[in-house]
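Data from model_22.pdb: PDB, C-alpha atoms
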ATOM      1  CA  MET A   1     -21.215  11.970 -16.437
ATOM      2  CA  SER A   2     -17.992  13.222 -14.932
ATOM      3  CA  ALA A   3     -17.653  11.232 -11.703
ATOM      4  CA  HIS A   4     -18.090   7.779 -13.245
ATOM      5  CA  CYS A   5     -15.638   4.857 -13.392
ATOM      6  CA  MET A   6     -15.352   3.065 -16.738
ATOM      7  CA  LEU A   7     -14.382  -0.306 -15.208
ATOM      8  CA  THR A   8     -16.442  -0.652 -12.038
ATOM      9  CA  GLY A   9     -19.281   1.710 -12.929
ATOM     10  CA  THR A  10     -18.927   3.544  -9.613
ATOM     11  CA  GLN A  11     -21.083   6.678  -9.495
ATOM     12  CA  PRO A  12     -21.608   9.406  -6.914
ATOM     13  CA  GLY A  13     -23.614   8.516  -3.834
ATOM     14  CA  PHE A  14     -25.966  10.956  -2.159
ATOM     15  CA  GLY A  15     -26.672  11.649   1.473
ATOM     16  CA  ASN A  16     -27.110  14.425   3.988
ATOM     17  CA  ARG A  17     -24.819  16.868   5.737
ATOM     18  CA  ILE A  18     -25.892  17.094   9.348
ATOM     19  CA  SER A  19     -25.003  20.282  11.181
ATOM     20  CA  HIS A  20     -24.416  20.684  14.905
ATOM     21  CA  SER A  21     -28.073  21.682  15.313
ATOM     22  CA  HIS A  22     -29.000  18.517  13.330
ATOM     23  CA  ARG A  23     -30.342  20.349  10.275
ATOM     24  CA  ARG A  24     -29.992  18.233   7.152
ATOM     25  CA  THR A  25     -28.884  19.458   3.730
ATOM     26  CA  SER A  26     -28.111  17.254   0.773
ATOM     27  CA  ARG A  27     -24.558  16.390  -0.213
ATOM     28  CA  ARG A  28     -22.781  14.218  -2.739
ATOM     29  CA  PHE A  29     -20.091  11.552  -2.175
ATOM     30  CA  ASP A  30     -17.910  11.497  -5.306
ATOM     31  CA  PRO A  31     -15.712   8.489  -6.118
ATOM     32  CA  ASN A  32     -11.962   9.070  -6.422
ATOM     33  CA  ILE A  33     -11.796   9.283 -10.244
ATOM     34  CA  GLN A  34      -8.395   9.490 -11.948
ATOM     35  CA  THR A  35      -7.512   9.683 -15.653
ATOM     36  CA  LYS A  36      -4.843   7.116 -16.502
ATOM     37  CA  ARG A  37      -3.167   6.154 -19.766
ATOM     38  CA  TYR A  38      -2.325   2.487 -20.438
ATOM     39  CA  TRP A  39      -0.461   0.829 -23.301
ATOM     40  CA  LEU A  40      -2.675  -1.754 -25.017
ATOM     41  CA  PRO A  41      -0.272  -4.225 -26.691
ATOM     42  CA  SER A  42      -2.926  -6.082 -28.711
ATOM     43  CA  GLU A  43      -3.927  -2.886 -30.542
ATOM     44  CA  GLY A  44      -0.513  -1.220 -30.464
ATOM     45  CA  ARG A  45      -1.832   2.021 -28.978
ATOM     46  CA  TYR A  46      -2.448   3.874 -25.743
ATOM     47  CA  VAL A  47      -5.904   4.059 -24.201
ATOM     48  CA  ARG A  48      -6.951   6.806 -21.796
ATOM     49  CA  LEU A  49      -9.303   5.534 -19.083
ATOM     50  CA  ARG A  50     -11.250   7.363 -16.352
ATOM     51  CA  LEU A  51     -10.957   5.022 -13.375
ATOM     52  CA  SER A  52     -11.599   5.003  -9.661
ATOM     53  CA  ALA A  53      -8.657   4.316  -7.348
ATOM     54  CA  ARG A  54     -10.058   0.831  -6.685
ATOM     55  CA  ALA A  55     -10.243   0.119 -10.436
ATOM     56  CA  ILE A  56      -6.576   1.117 -10.868
ATOM     57  CA  LYS A  57      -5.654  -1.499  -8.259
ATOM     58  CA  THR A  58      -7.874  -4.025 -10.066
ATOM     59  CA  ILE A  59      -6.014  -3.377 -13.352
ATOM     60  CA  ASP A  60      -2.717  -3.926 -11.532
ATOM     61  CA  THR A  61      -4.053  -7.360 -10.538
ATOM     62  CA  ILE A  62      -5.868  -8.601 -13.671
ATOM     63  CA  GLY A  63      -3.951  -6.712 -16.370
ATOM     64  CA  VAL A  64      -4.979  -4.062 -18.859
ATOM     65  CA  GLU A  65      -6.139  -6.486 -21.575
ATOM     66  CA  ALA A  66      -8.670  -8.177 -19.280
ATOM     67  CA  ALA A  67      -9.776  -4.812 -17.912
ATOM     68  CA  VAL A  68     -10.431  -3.382 -21.380
ATOM     69  CA  ALA A  69     -12.373  -6.554 -22.246
ATOM     70  CA  ARG A  70     -14.564  -5.998 -19.151
ATOM     71  CA  ILE A  71     -15.084  -2.329 -20.045
ATOM     72  CA  ARG A  72     -16.146  -3.244 -23.578
ATOM     73  CA  ALA A  73     -18.458  -5.974 -22.210
ATOM     74  CA  ARG A  74     -20.258  -3.237 -20.239
ATOM     75  CA  GLY A  75     -20.846  -1.429 -23.537
ATOM     76  CA  VAL A  76     -18.406   1.441 -22.977
ATOM     77  CA  LYS A  77     -16.367   2.540 -25.988
ATOM     78  CA  VAL A  78     -12.577   2.508 -25.442
TER      79      VAL A  78
END
What would the structure in this file look like if it were written as structure tokens?
Amino acid sequence: MSAHCMLTGTQPGFGNRISHSHRRTSRRFDPNIQTKRYWLPSEGRYVRLRLSARAIKTIDTIGVEAAVARIRARGVKV
């Protein structure tokens, strides 16, 4: 699943494009997913995470150790 955040679990949302004549066709709202590398001091290595922009701000607040603990609690391998 490409457009999926490892920390928050954010996935694409689906909706409709509505033209000027009000015809509806399906569309997809993708989250802003970025690949970011963090140093994990407890393991002495870098980890590469696929995160949404909101999750990057969350890691800035709570720290990378707590974030990796939350990711592992969700059952995602890091």
May I have the residues within 8 Å of Thr35 in chain A as a PyMOL selection string, using all atoms listed in the file and disregarding those fewer than 3 positions away in the same chain? chain A and resi 48-51
Output C-alpha atoms for every residue in that selection, as a CSV table (one decimal), in the frame of the given file.
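Resulting contents of again_3.csv:
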chain,number,residue,atom,x,y,z
A,48,ARG,CA,-7.0,6.8,-21.8
A,49,LEU,CA,-9.3,5.5,-19.1
A,50,ARG,CA,-11.2,7.4,-16.4
A,51,LEU,CA,-11.0,5.0,-13.4
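Using all atoms listed in the file, the smallest distance between any of A:Thr8, A:Ala3, A:His20, A:Ser42 and Ala55 in chain A comes from A:Thr8.
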Specify as a PyMOL selection string each residue included when the PyMOL selection byres ((chain A and resi 68) around 10) is applied to this file. chain A and resi 6-7+40+47+49+59+63-67+69-74+76-78
I need the residue nearest Thr10 in chain A from this list: A:Gly44, A:Ala53, A:Pro31, A:Arg23. Use all atoms listed in the file for the distance. A:Pro31
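Computed from the coordinates, the CA of Ser2 in chain A to CA of Lys36 in chain A distance equals 14.6 Å.
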Using the chain letters and residue numbers of this document, give as a ChimeraX atom specification the residues selected by the PyMOL selection byres ((chain A and resi 11-15) around 9). /A:1,3-5,9-10,16-17,25-31
Would you save the residues from that selection as a compact mmCIF listing (two decimals), in the coordinates of the input, using C-alpha atoms?
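Written file, selection-v8.txt:
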# COMPACT_ATOMS: atom_id res chain seq x y z
CA MET A 1 -21.22 11.97 -16.44
CA ALA A 3 -17.65 11.23 -11.70
CA HIS A 4 -18.09 7.78 -13.24
CA CYS A 5 -15.64 4.86 -13.39
CA GLY A 9 -19.28 1.71 -12.93
CA THR A 10 -18.93 3.54 -9.61
CA ASN A 16 -27.11 14.42 3.99
CA ARG A 17 -24.82 16.87 5.74
CA THR A 25 -28.88 19.46 3.73
CA SER A 26 -28.11 17.25 0.77
CA ARG A 27 -24.56 16.39 -0.21
CA ARG A 28 -22.78 14.22 -2.74
CA PHE A 29 -20.09 11.55 -2.17
CA ASP A 30 -17.91 11.50 -5.31
CA PRO A 31 -15.71 8.49 -6.12
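Going from CA of Asp60 in chain A to CA of Tyr38 in chain A covers 11.0 Å.
Our summary of the geometry notes that CA of Ile56 in chain A is positioned 9.7 Å from CA of Ile33 in chain A.
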Centre, edges in Å (one decimal): axis-aligned box, range 29-35 of chain A, 4 Å padding on all six sides, as AutoDock Vina command-line options:
--center_x -13.8 --center_y 10.0 --center_z -8.9 --size_x 20.6 --size_y 11.1 --size_z 21.5
